[in-house]
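> I'd like to ask some things about the structure below.
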Amino acid sequence: MRKTIYTLTAAALVFAAAPAHADAKASDGKVGLSVRGKGLRVDDVGAHMEGHGTGVRARLITYTPQGYRSELTGWKDATPVTAALTKLSSVGWTWKGGKRFPGGTKLCVEFNIVPGEPCAVIHR
């Protein structure tokens, strides 16, 4: 029993000391999300949706670890991109100096014309 407690305590200390990271990729249906950053700071976010369309817009939303939802950005127009036979609508956000988030925050994207809300968790 004592060995188990020591092992769990050591594992908790190693996990707590691990470096934070904000890099992530996620997808949900036809929507994809890519987050880049260092620590709990996010430098840029990119999102794409399969297919072209008129009036395609996207926005970033966050969910706190307690489950509260908030809109991080307003709606932004997506740009149609064609690469070979692939058609995408893409949009991106960049923060000079990065934007800090509390650990455990979910950073999500939603498009106005397709279902799906992929999320990346910003964590230590």
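Each chain in the structure tokens gets a letter, A, B and so on, in the order shown; residues start at 1 in every chain, and ligands are counted from 1 in the order they appear.
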Excluding Thr79 (chain A) and residues on its chain fewer than 2 positions from it, collect all residues at most 12 Å away from it, counting only C-alpha atoms, and give them as a ChimeraX atom specification.

/A:46-58,76-77,81-82,87-92

> So that I can see what lies close to region 115-119 of chain A, please list as a list in words the residues with an atom at most 10 Å from it, counting only C-alpha atoms and leaving out residues fewer than 3 positions away in the same chain.

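Selected residues are Ala24, Lys25, Ala26, Ser27, Asp28, Gly29, Lys30, Val31, Gly32, Leu33, Ser34, Val35, Ala47, Met49, Leu60, Ile61, Thr62, Tyr63, Thr105, Lys106, Leu107, Cys108, Val109, Glu110, Phe111, Asn112 and Ile122 of chain A.
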
> Contacts of region 95-104 of chain A at 6 Å or less, counting only C-alpha atoms, minus same-chain residues fewer than 4 places along, as a ChimeraX atom specification?

/A:40-43,65,121-123

> Please identify the helix (DSSP H, G or I) residues within chain A (assignment by DSSP from backbone atoms) and present them as a VMD selection string.

chain A and resid 2 to 17

> Find the residue from A:Thr64, A:Arg69, A:Val45, A:Gly37 that sits nearest to Trp93 (chain A); use only C-alpha atoms when measuring.

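The closest residue to Trp93 (chain A) is A:Val45.
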
> For CA of Gly74 (chain A) and CA of Thr94 (chain A), quote the distance in Å rounded to one decimal.

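So the answer is 13.9 Å.
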
> At what distance in Å, to one decimal, does CA of Glu71 (chain A) lie from CA of Arg59 (chain A)?

7.6 Å

> Where does DSSP see strand (DSSP E or B) in region 26-117 of chain A, if you list the residues as a CSV table (one decimal) with all heavy atoms, in the first residue's frame?


```csv
chain,number,residue,atom,x,y,z
A,26,ALA,N,-7.6,19.0,-34.5
A,26,ALA,CA,-8.9,18.3,-34.2
A,26,ALA,C,-9.8,18.4,-35.4
A,26,ALA,O,-9.6,19.3,-36.2
A,26,ALA,CB,-9.6,19.0,-33.0
A,27,SER,N,-10.7,17.5,-35.5
A,27,SER,CA,-11.6,17.5,-36.6
A,27,SER,C,-13.0,17.0,-36.1
A,27,SER,O,-13.0,16.2,-35.2
A,27,SER,CB,-11.2,16.8,-37.9
A,27,SER,OG,-11.0,15.4,-37.5
A,28,ASP,N,-14.0,17.5,-36.8
A,28,ASP,CA,-15.4,17.0,-36.4
A,28,ASP,C,-16.2,17.1,-37.7
A,28,ASP,O,-16.5,18.2,-38.2
A,28,ASP,CB,-16.0,17.9,-35.4
A,28,ASP,CG,-17.4,17.4,-34.9
A,28,ASP,OD1,-17.8,16.4,-35.4
A,28,ASP,OD2,-18.0,18.1,-34.1
A,31,VAL,N,-15.2,19.8,-40.6
A,31,VAL,CA,-14.6,20.9,-40.1
A,31,VAL,C,-13.3,20.5,-39.4
A,31,VAL,O,-13.3,19.5,-38.7
A,31,VAL,CB,-15.5,21.7,-39.1
A,31,VAL,CG1,-14.8,22.9,-38.5
A,31,VAL,CG2,-16.8,22.1,-39.7
A,32,GLY,N,-12.2,21.2,-39.6
A,32,GLY,CA,-10.9,20.9,-39.0
A,32,GLY,C,-10.3,22.2,-38.3
A,32,GLY,O,-10.7,23.3,-38.6
A,33,LEU,N,-9.5,21.9,-37.3
A,33,LEU,CA,-8.9,23.0,-36.4
A,33,LEU,C,-7.5,22.7,-36.2
A,33,LEU,O,-7.1,21.5,-35.9
A,33,LEU,CB,-9.7,23.1,-35.1
A,33,LEU,CG,-9.2,24.0,-34.0
A,33,LEU,CD1,-9.4,25.5,-34.5
A,33,LEU,CD2,-9.8,23.8,-32.7
A,34,SER,N,-6.6,23.7,-36.2
A,34,SER,CA,-5.2,23.6,-35.9
A,34,SER,C,-4.8,24.7,-35.0
A,34,SER,O,-5.0,25.9,-35.4
A,34,SER,CB,-4.4,23.6,-37.2
A,34,SER,OG,-3.0,23.5,-37.0
A,35,VAL,N,-4.2,24.4,-33.9
A,35,VAL,CA,-3.8,25.4,-32.9
A,35,VAL,C,-2.3,25.3,-32.7
A,35,VAL,O,-1.8,24.2,-32.5
A,35,VAL,CB,-4.5,25.2,-31.6
A,35,VAL,CG1,-4.1,26.2,-30.5
A,35,VAL,CG2,-6.0,25.2,-31.8
A,36,ARG,N,-1.6,26.4,-32.7
A,36,ARG,CA,-0.2,26.5,-32.5
A,36,ARG,C,0.2,27.5,-31.4
A,36,ARG,O,-0.4,28.5,-31.4
A,36,ARG,CB,0.6,26.8,-33.8
A,36,ARG,CG,0.6,25.6,-34.8
A,36,ARG,CD,1.2,26.1,-36.1
A,36,ARG,NE,0.3,27.0,-36.7
A,36,ARG,CZ,-0.4,26.7,-37.8
A,36,ARG,NH1,-0.3,25.6,-38.4
A,36,ARG,NH2,-1.2,27.6,-38.3
A,37,GLY,N,1.1,27.0,-30.6
A,37,GLY,CA,1.5,27.9,-29.5
A,37,GLY,C,2.5,27.2,-28.6
A,37,GLY,O,3.0,26.2,-28.9
A,38,LYS,N,2.9,27.9,-27.5
A,38,LYS,CA,3.9,27.4,-26.6
A,38,LYS,C,3.4,27.6,-25.2
A,38,LYS,O,2.9,28.7,-24.9
A,38,LYS,CB,5.2,28.0,-26.8
A,38,LYS,CG,6.3,27.5,-26.0
A,38,LYS,CD,7.7,28.1,-26.4
A,38,LYS,CE,8.7,27.4,-25.5
A,38,LYS,NZ,10.0,28.0,-25.9
A,41,ARG,N,0.1,29.6,-24.0
A,41,ARG,CA,-0.1,30.8,-25.0
A,41,ARG,C,-0.3,30.2,-26.4
A,41,ARG,O,0.4,29.4,-26.9
A,41,ARG,CB,1.2,31.6,-25.0
A,41,ARG,CG,1.0,32.9,-25.8
A,41,ARG,CD,2.4,33.6,-26.0
A,41,ARG,NE,3.1,32.9,-27.0
A,41,ARG,CZ,4.4,32.4,-26.9
A,41,ARG,NH1,5.0,32.6,-25.8
A,41,ARG,NH2,5.0,31.8,-27.9
A,42,VAL,N,-1.4,30.7,-27.0
A,42,VAL,CA,-1.7,30.3,-28.4
A,42,VAL,C,-1.3,31.5,-29.3
A,42,VAL,O,-1.6,32.6,-29.1
A,42,VAL,CB,-3.2,30.1,-28.5
A,42,VAL,CG1,-3.6,29.9,-30.0
A,42,VAL,CG2,-3.6,28.9,-27.7
A,43,ASP,N,-0.5,31.1,-30.3
A,43,ASP,CA,0.0,32.1,-31.2
A,43,ASP,C,-0.9,32.3,-32.4
A,43,ASP,O,-1.2,33.4,-32.9
A,43,ASP,CB,1.4,31.8,-31.7
A,43,ASP,CG,2.4,31.9,-30.6
A,43,ASP,OD1,2.4,32.8,-29.8
A,43,ASP,OD2,3.3,31.0,-30.5
A,44,ASP,N,-1.3,31.2,-33.0
A,44,ASP,CA,-2.3,31.3,-34.1
A,44,ASP,C,-3.1,30.0,-34.2
A,44,ASP,O,-2.8,29.0,-33.7
A,44,ASP,CB,-1.5,31.5,-35.5
A,44,ASP,CG,-0.5,30.4,-35.8
A,44,ASP,OD1,-0.9,29.3,-36.0
A,44,ASP,OD2,0.7,30.8,-35.8
A,45,VAL,N,-4.3,30.2,-34.8
A,45,VAL,CA,-5.3,29.2,-35.0
A,45,VAL,C,-5.7,29.2,-36.5
A,45,VAL,O,-6.0,30.3,-37.0
A,45,VAL,CB,-6.6,29.5,-34.1
A,45,VAL,CG1,-7.6,28.5,-34.3
A,45,VAL,CG2,-6.2,29.6,-32.7
A,46,GLY,N,-5.8,28.0,-37.0
A,46,GLY,CA,-6.3,27.9,-38.4
A,46,GLY,C,-7.5,26.9,-38.4
A,46,GLY,O,-7.5,25.9,-37.6
A,47,ALA,N,-8.4,27.2,-39.2
A,47,ALA,CA,-9.6,26.3,-39.4
A,47,ALA,C,-10.0,26.1,-40.8
A,47,ALA,O,-9.7,27.0,-41.6
A,47,ALA,CB,-10.8,26.8,-38.6
A,48,HIS,N,-10.5,25.0,-41.2
A,48,HIS,CA,-11.0,24.8,-42.5
A,48,HIS,C,-12.3,24.0,-42.6
A,48,HIS,O,-12.6,23.3,-41.6
A,48,HIS,CB,-9.9,24.1,-43.4
A,48,HIS,CG,-9.7,22.6,-42.9
A,48,HIS,ND1,-8.9,22.3,-41.9
A,48,HIS,CD2,-10.3,21.5,-43.4
A,48,HIS,CE1,-9.0,21.0,-41.8
A,48,HIS,NE2,-9.8,20.4,-42.7
A,49,MET,N,-13.0,24.1,-43.6
A,49,MET,CA,-14.2,23.4,-43.9
A,49,MET,C,-14.1,22.8,-45.3
A,49,MET,O,-13.7,23.4,-46.2
A,49,MET,CB,-15.4,24.3,-43.8
A,49,MET,CG,-16.7,23.7,-44.1
A,49,MET,SD,-18.0,24.9,-44.4
A,49,MET,CE,-17.7,25.2,-46.1
A,50,GLU,N,-14.5,21.6,-45.4
A,50,GLU,CA,-14.5,20.9,-46.7
A,50,GLU,C,-15.6,21.6,-47.6
A,50,GLU,O,-16.7,21.8,-47.2
A,50,GLU,CB,-14.8,19.4,-46.6
A,50,GLU,CG,-13.8,18.6,-46.0
A,50,GLU,CD,-14.1,17.2,-45.9
A,50,GLU,OE1,-15.0,16.7,-46.6
A,50,GLU,OE2,-13.5,16.5,-45.0
A,57,ARG,N,-18.5,31.7,-43.0
A,57,ARG,CA,-17.9,32.4,-42.0
A,57,ARG,C,-17.6,31.5,-40.8
A,57,ARG,O,-18.2,30.5,-40.7
A,57,ARG,CB,-18.7,33.6,-41.5
A,57,ARG,CG,-19.0,34.6,-42.6
A,57,ARG,CD,-19.8,35.8,-42.1
A,57,ARG,NE,-21.1,35.3,-41.6
A,57,ARG,CZ,-21.9,36.0,-40.8
A,57,ARG,NH1,-21.5,37.1,-40.3
A,57,ARG,NH2,-23.0,35.5,-40.4
A,58,ALA,N,-16.6,31.9,-40.0
A,58,ALA,CA,-16.3,31.1,-38.8
A,58,ALA,C,-16.0,32.0,-37.6
A,58,ALA,O,-15.7,33.2,-37.8
A,58,ALA,CB,-15.1,30.2,-39.1
A,59,ARG,N,-16.1,31.4,-36.4
A,59,ARG,CA,-15.7,32.1,-35.2
A,59,ARG,C,-15.1,31.2,-34.2
A,59,ARG,O,-15.3,29.9,-34.3
A,59,ARG,CB,-16.9,32.9,-34.6
A,59,ARG,CG,-17.9,32.0,-34.1
A,59,ARG,CD,-19.0,32.8,-33.5
A,59,ARG,NE,-20.2,31.9,-33.2
A,59,ARG,CZ,-21.3,32.4,-32.7
A,59,ARG,NH1,-21.5,33.7,-32.6
A,59,ARG,NH2,-22.3,31.6,-32.4
A,60,LEU,N,-14.3,31.7,-33.3
A,60,LEU,CA,-13.7,30.9,-32.2
A,60,LEU,C,-14.5,31.1,-31.0
A,60,LEU,O,-15.0,32.2,-30.6
A,60,LEU,CB,-12.3,31.3,-32.0
A,60,LEU,CG,-11.2,31.1,-33.1
A,60,LEU,CD1,-9.9,31.7,-32.7
A,60,LEU,CD2,-11.1,29.6,-33.3
A,61,ILE,N,-14.7,30.0,-30.3
A,61,ILE,CA,-15.4,30.0,-29.0
A,61,ILE,C,-14.6,29.2,-28.0
A,61,ILE,O,-13.7,28.4,-28.4
A,61,ILE,CB,-16.8,29.4,-29.1
A,61,ILE,CG1,-16.8,28.0,-29.7
A,61,ILE,CG2,-17.7,30.3,-29.9
A,61,ILE,CD1,-18.1,27.3,-29.7
A,62,THR,N,-14.7,29.5,-26.7
A,62,THR,CA,-14.0,28.8,-25.7
A,62,THR,C,-15.0,28.2,-24.7
A,62,THR,O,-16.1,28.7,-24.5
A,62,THR,CB,-13.1,29.7,-24.9
A,62,THR,OG1,-13.8,30.8,-24.4
A,62,THR,CG2,-12.0,30.3,-25.8
A,63,TYR,N,-14.6,27.1,-24.1
A,63,TYR,CA,-15.3,26.5,-23.0
A,63,TYR,C,-14.3,26.5,-21.8
A,63,TYR,O,-13.2,25.9,-21.9
A,63,TYR,CB,-15.8,25.1,-23.3
A,63,TYR,CG,-16.9,25.1,-24.3
A,63,TYR,CD1,-16.6,24.8,-25.7
A,63,TYR,CD2,-18.2,25.2,-23.9
A,63,TYR,CE1,-17.6,24.8,-26.6
A,63,TYR,CE2,-19.2,25.1,-24.9
A,63,TYR,CZ,-18.9,24.9,-26.2
A,63,TYR,OH,-19.9,24.9,-27.1
A,69,ARG,N,-19.4,28.7,-21.8
A,69,ARG,CA,-19.1,29.0,-23.1
A,69,ARG,C,-19.0,30.5,-23.4
A,69,ARG,O,-19.8,31.3,-22.8
A,69,ARG,CB,-20.2,28.4,-24.0
A,69,ARG,CG,-20.0,28.7,-25.5
A,69,ARG,CD,-21.1,28.3,-26.3
A,69,ARG,NE,-20.8,28.7,-27.7
A,69,ARG,CZ,-21.4,28.4,-28.8
A,69,ARG,NH1,-22.5,27.8,-28.7
A,69,ARG,NH2,-21.1,28.8,-29.9
A,70,SER,N,-18.0,30.9,-24.2
A,70,SER,CA,-18.0,32.3,-24.5
A,70,SER,C,-17.4,32.5,-25.9
A,70,SER,O,-16.6,31.6,-26.4
A,70,SER,CB,-17.1,33.1,-23.6
A,70,SER,OG,-15.8,32.7,-23.6
A,71,GLU,N,-17.8,33.5,-26.6
A,71,GLU,CA,-17.3,33.8,-28.0
A,71,GLU,C,-16.0,34.5,-27.9
A,71,GLU,O,-16.0,35.6,-27.3
A,71,GLU,CB,-18.4,34.6,-28.8
A,71,GLU,CG,-19.7,33.8,-29.0
A,71,GLU,CD,-20.7,34.7,-29.6
A,71,GLU,OE1,-20.5,35.9,-30.0
A,71,GLU,OE2,-21.9,34.2,-29.7
A,76,LYS,N,-15.8,35.7,-38.9
A,76,LYS,CA,-14.8,36.1,-39.9
A,76,LYS,C,-15.0,35.3,-41.2
A,76,LYS,O,-15.3,34.1,-41.2
A,76,LYS,CB,-13.4,35.7,-39.4
A,76,LYS,CG,-12.2,36.2,-40.2
A,76,LYS,CD,-10.9,36.0,-39.5
A,76,LYS,CE,-9.8,36.6,-40.3
A,76,LYS,NZ,-8.5,36.4,-39.7
A,77,ASP,N,-14.9,36.1,-42.3
A,77,ASP,CA,-15.2,35.4,-43.6
A,77,ASP,C,-14.1,34.4,-44.0
A,77,ASP,O,-12.9,34.7,-43.7
A,77,ASP,CB,-15.2,36.5,-44.7
A,77,ASP,CG,-16.4,37.4,-44.6
A,77,ASP,OD1,-17.5,36.9,-44.1
A,77,ASP,OD2,-16.4,38.5,-45.1
A,79,THR,N,-11.9,32.0,-46.7
A,79,THR,CA,-11.4,32.2,-48.0
A,79,THR,C,-11.4,30.8,-48.7
A,79,THR,O,-10.9,29.8,-48.2
A,79,THR,CB,-9.9,32.6,-48.0
A,79,THR,OG1,-9.8,33.8,-47.2
A,79,THR,CG2,-9.3,32.8,-49.4
A,80,PRO,N,-12.0,30.8,-50.0
A,80,PRO,CA,-12.0,29.5,-50.7
A,80,PRO,C,-10.6,29.2,-51.2
A,80,PRO,O,-9.9,30.0,-51.7
A,80,PRO,CB,-13.0,29.7,-51.8
A,80,PRO,CG,-13.2,31.2,-51.9
A,80,PRO,CD,-12.7,31.8,-50.6
A,81,VAL,N,-10.2,27.9,-51.0
A,81,VAL,CA,-8.9,27.4,-51.4
A,81,VAL,C,-9.1,26.2,-52.2
A,81,VAL,O,-9.8,25.3,-51.8
A,81,VAL,CB,-8.0,27.1,-50.2
A,81,VAL,CG1,-6.6,26.6,-50.6
A,81,VAL,CG2,-7.8,28.4,-49.3
A,82,THR,N,-8.4,26.1,-53.4
A,82,THR,CA,-8.4,24.9,-54.2
A,82,THR,C,-7.0,24.3,-54.4
A,82,THR,O,-6.1,25.1,-54.8
A,82,THR,CB,-9.0,25.2,-55.6
A,82,THR,OG1,-10.3,25.7,-55.4
A,82,THR,CG2,-9.1,23.9,-56.4
A,83,ALA,N,-6.8,23.1,-54.0
A,83,ALA,CA,-5.5,22.4,-54.2
A,83,ALA,C,-5.8,21.1,-54.9
A,83,ALA,O,-6.3,20.2,-54.3
A,83,ALA,CB,-4.8,22.2,-52.8
A,86,THR,N,-9.0,19.1,-54.2
A,86,THR,CA,-9.5,19.4,-52.9
A,86,THR,C,-10.0,20.8,-52.8
A,86,THR,O,-9.3,21.7,-53.2
A,86,THR,CB,-8.5,19.1,-51.8
A,86,THR,OG1,-8.0,17.8,-51.9
A,86,THR,CG2,-9.0,19.4,-50.4
A,87,LYS,N,-11.2,21.0,-52.4
A,87,LYS,CA,-11.8,22.3,-52.2
A,87,LYS,C,-12.1,22.6,-50.7
A,87,LYS,O,-12.7,21.8,-50.1
A,87,LYS,CB,-13.1,22.5,-53.0
A,87,LYS,CG,-12.9,22.4,-54.5
A,87,LYS,CD,-14.1,22.7,-55.3
A,87,LYS,CE,-13.9,22.6,-56.8
A,87,LYS,NZ,-15.1,22.9,-57.5
A,88,LEU,N,-11.5,23.7,-50.2
A,88,LEU,CA,-11.6,24.0,-48.8
A,88,LEU,C,-12.0,25.5,-48.7
A,88,LEU,O,-11.8,26.3,-49.6
A,88,LEU,CB,-10.3,23.8,-48.1
A,88,LEU,CG,-9.7,22.4,-48.0
A,88,LEU,CD1,-8.3,22.5,-47.4
A,88,LEU,CD2,-10.6,21.5,-47.2
A,89,SER,N,-12.6,25.8,-47.6
A,89,SER,CA,-12.8,27.2,-47.1
A,89,SER,C,-12.0,27.3,-45.9
A,89,SER,O,-12.2,26.6,-44.9
A,89,SER,CB,-14.3,27.5,-46.9
A,89,SER,OG,-15.0,27.4,-48.1
A,90,SER,N,-11.0,28.2,-45.8
A,90,SER,CA,-10.1,28.3,-44.7
A,90,SER,C,-10.2,29.7,-44.1
A,90,SER,O,-10.5,30.7,-44.7
A,90,SER,CB,-8.7,28.0,-45.1
A,90,SER,OG,-8.2,28.9,-45.9
A,91,VAL,N,-9.9,29.7,-42.8
A,91,VAL,CA,-9.8,31.0,-42.0
A,91,VAL,C,-8.8,30.9,-41.0
A,91,VAL,O,-8.5,29.8,-40.5
A,91,VAL,CB,-11.2,31.3,-41.4
A,91,VAL,CG1,-11.7,30.2,-40.5
A,91,VAL,CG2,-11.3,32.7,-40.8
A,92,GLY,N,-8.2,32.0,-40.6
A,92,GLY,CA,-7.1,31.9,-39.6
A,92,GLY,C,-7.1,33.2,-38.7
A,92,GLY,O,-7.6,34.2,-39.1
A,93,TRP,N,-6.6,33.0,-37.5
A,93,TRP,CA,-6.4,34.1,-36.5
A,93,TRP,C,-5.0,34.0,-36.0
A,93,TRP,O,-4.5,32.9,-35.7
A,93,TRP,CB,-7.4,33.9,-35.3
A,93,TRP,CG,-8.8,34.0,-35.7
A,93,TRP,CD1,-9.6,35.1,-35.7
A,93,TRP,CD2,-9.7,32.9,-36.1
A,93,TRP,NE1,-10.9,34.8,-36.0
A,93,TRP,CE2,-11.0,33.5,-36.3
A,93,TRP,CE3,-9.5,31.6,-36.4
A,93,TRP,CZ2,-12.0,32.7,-36.8
A,93,TRP,CZ3,-10.5,30.8,-36.8
A,93,TRP,CH2,-11.8,31.4,-37.0
A,94,THR,N,-4.4,35.2,-35.8
A,94,THR,CA,-3.0,35.3,-35.3
A,94,THR,C,-3.0,36.4,-34.2
A,94,THR,O,-3.6,37.5,-34.5
A,94,THR,CB,-2.0,35.6,-36.4
A,94,THR,OG1,-2.1,34.6,-37.4
A,94,THR,CG2,-0.6,35.7,-35.8
A,95,TRP,N,-2.4,36.1,-33.1
A,95,TRP,CA,-2.3,37.1,-32.0
A,95,TRP,C,-0.8,37.4,-31.9
A,95,TRP,O,0.0,36.5,-31.6
A,95,TRP,CB,-2.9,36.6,-30.7
A,95,TRP,CG,-4.3,36.4,-30.8
A,95,TRP,CD1,-5.3,37.4,-30.8
A,95,TRP,CD2,-5.0,35.1,-30.8
A,95,TRP,NE1,-6.5,36.8,-30.9
A,95,TRP,CE2,-6.4,35.4,-30.8
A,95,TRP,CE3,-4.7,33.8,-30.8
A,95,TRP,CZ2,-7.4,34.5,-30.9
A,95,TRP,CZ3,-5.6,32.8,-30.8
A,95,TRP,CH2,-7.0,33.2,-30.9
A,96,LYS,N,-0.5,38.7,-32.1
A,96,LYS,CA,0.9,39.1,-31.9
A,96,LYS,C,1.3,39.0,-30.4
A,96,LYS,O,0.6,39.5,-29.6
A,96,LYS,CB,1.1,40.6,-32.4
A,96,LYS,CG,2.5,41.0,-32.4
A,96,LYS,CD,2.6,42.4,-33.0
A,96,LYS,CE,4.1,42.8,-33.0
A,96,LYS,NZ,4.3,44.1,-33.6
A,97,GLY,N,2.3,38.2,-30.1
A,97,GLY,CA,2.7,38.0,-28.7
A,97,GLY,C,1.9,36.9,-28.1
A,97,GLY,O,2.2,36.5,-27.0
A,98,GLY,N,0.9,36.3,-28.8
A,98,GLY,CA,0.2,35.2,-28.3
A,98,GLY,C,-1.0,35.6,-27.4
A,98,GLY,O,-1.0,36.8,-26.9
A,99,LYS,N,-1.9,34.7,-27.2
A,99,LYS,CA,-3.0,34.9,-26.2
A,99,LYS,C,-3.0,33.8,-25.2
A,99,LYS,O,-2.9,32.6,-25.6
A,99,LYS,CB,-4.3,34.9,-27.0
A,99,LYS,CG,-5.5,35.2,-26.2
A,99,LYS,CD,-6.7,35.6,-27.1
A,99,LYS,CE,-7.9,36.0,-26.3
A,99,LYS,NZ,-7.7,37.2,-25.5
A,100,ARG,N,-3.0,34.2,-23.9
A,100,ARG,CA,-2.9,33.2,-22.9
A,100,ARG,C,-4.3,32.7,-22.5
A,100,ARG,O,-5.2,33.4,-22.4
A,100,ARG,CB,-2.2,33.8,-21.6
A,100,ARG,CG,-0.7,34.1,-21.9
A,100,ARG,CD,0.0,34.5,-20.7
A,100,ARG,NE,0.1,33.4,-19.7
A,100,ARG,CZ,1.0,32.4,-19.7
A,100,ARG,NH1,1.8,32.3,-20.7
A,100,ARG,NH2,1.0,31.5,-18.8
A,105,THR,N,-8.8,24.9,-20.8
A,105,THR,CA,-9.7,25.6,-21.6
A,105,THR,C,-9.8,24.9,-23.0
A,105,THR,O,-8.8,24.5,-23.5
A,105,THR,CB,-9.2,27.1,-21.9
A,105,THR,OG1,-9.1,27.7,-20.6
A,105,THR,CG2,-10.2,27.8,-22.8
A,106,LYS,N,-11.1,24.7,-23.5
A,106,LYS,CA,-11.3,24.2,-24.8
A,106,LYS,C,-11.4,25.3,-25.8
A,106,LYS,O,-12.2,26.2,-25.6
A,106,LYS,CB,-12.6,23.4,-24.8
A,106,LYS,CG,-12.5,22.0,-24.2
A,106,LYS,CD,-13.8,21.3,-24.4
A,106,LYS,CE,-13.8,19.9,-23.8
A,106,LYS,NZ,-15.1,19.3,-24.0
A,107,LEU,N,-10.6,25.3,-26.8
A,107,LEU,CA,-10.7,26.3,-27.9
A,107,LEU,C,-11.3,25.6,-29.1
A,107,LEU,O,-10.8,24.6,-29.6
A,107,LEU,CB,-9.3,26.8,-28.2
A,107,LEU,CG,-9.1,27.9,-29.3
A,107,LEU,CD1,-9.9,29.1,-28.9
A,107,LEU,CD2,-7.6,28.2,-29.4
A,108,CYS,N,-12.5,26.1,-29.5
A,108,CYS,CA,-13.2,25.5,-30.6
A,108,CYS,C,-13.5,26.5,-31.7
A,108,CYS,O,-13.5,27.7,-31.5
A,108,CYS,CB,-14.6,25.0,-30.0
A,108,CYS,SG,-14.4,24.0,-28.5
A,109,VAL,N,-13.9,25.9,-32.9
A,109,VAL,CA,-14.3,26.7,-34.0
A,109,VAL,C,-15.6,26.2,-34.5
A,109,VAL,O,-15.9,25.0,-34.4
A,109,VAL,CB,-13.2,26.6,-35.2
A,109,VAL,CG1,-13.2,25.2,-35.7
A,109,VAL,CG2,-13.5,27.6,-36.2
A,110,GLU,N,-16.4,27.2,-34.9
A,110,GLU,CA,-17.7,26.8,-35.5
A,110,GLU,C,-17.9,27.6,-36.8
A,110,GLU,O,-17.6,28.8,-36.9
A,110,GLU,CB,-18.9,27.0,-34.6
A,110,GLU,CG,-19.3,28.4,-34.3
A,110,GLU,CD,-20.6,28.4,-33.4
A,110,GLU,OE1,-21.3,27.5,-33.3
A,110,GLU,OE2,-20.7,29.5,-32.8
A,111,PHE,N,-18.4,26.9,-37.9
A,111,PHE,CA,-18.7,27.5,-39.1
A,111,PHE,C,-20.2,27.7,-39.2
A,111,PHE,O,-21.0,27.0,-38.6
A,111,PHE,CB,-18.2,26.7,-40.3
A,111,PHE,CG,-16.8,26.8,-40.6
A,111,PHE,CD1,-15.8,26.0,-39.9
A,111,PHE,CD2,-16.3,27.6,-41.6
A,111,PHE,CE1,-14.5,26.1,-40.1
A,111,PHE,CE2,-15.0,27.7,-41.9
A,111,PHE,CZ,-14.1,27.0,-41.1
```
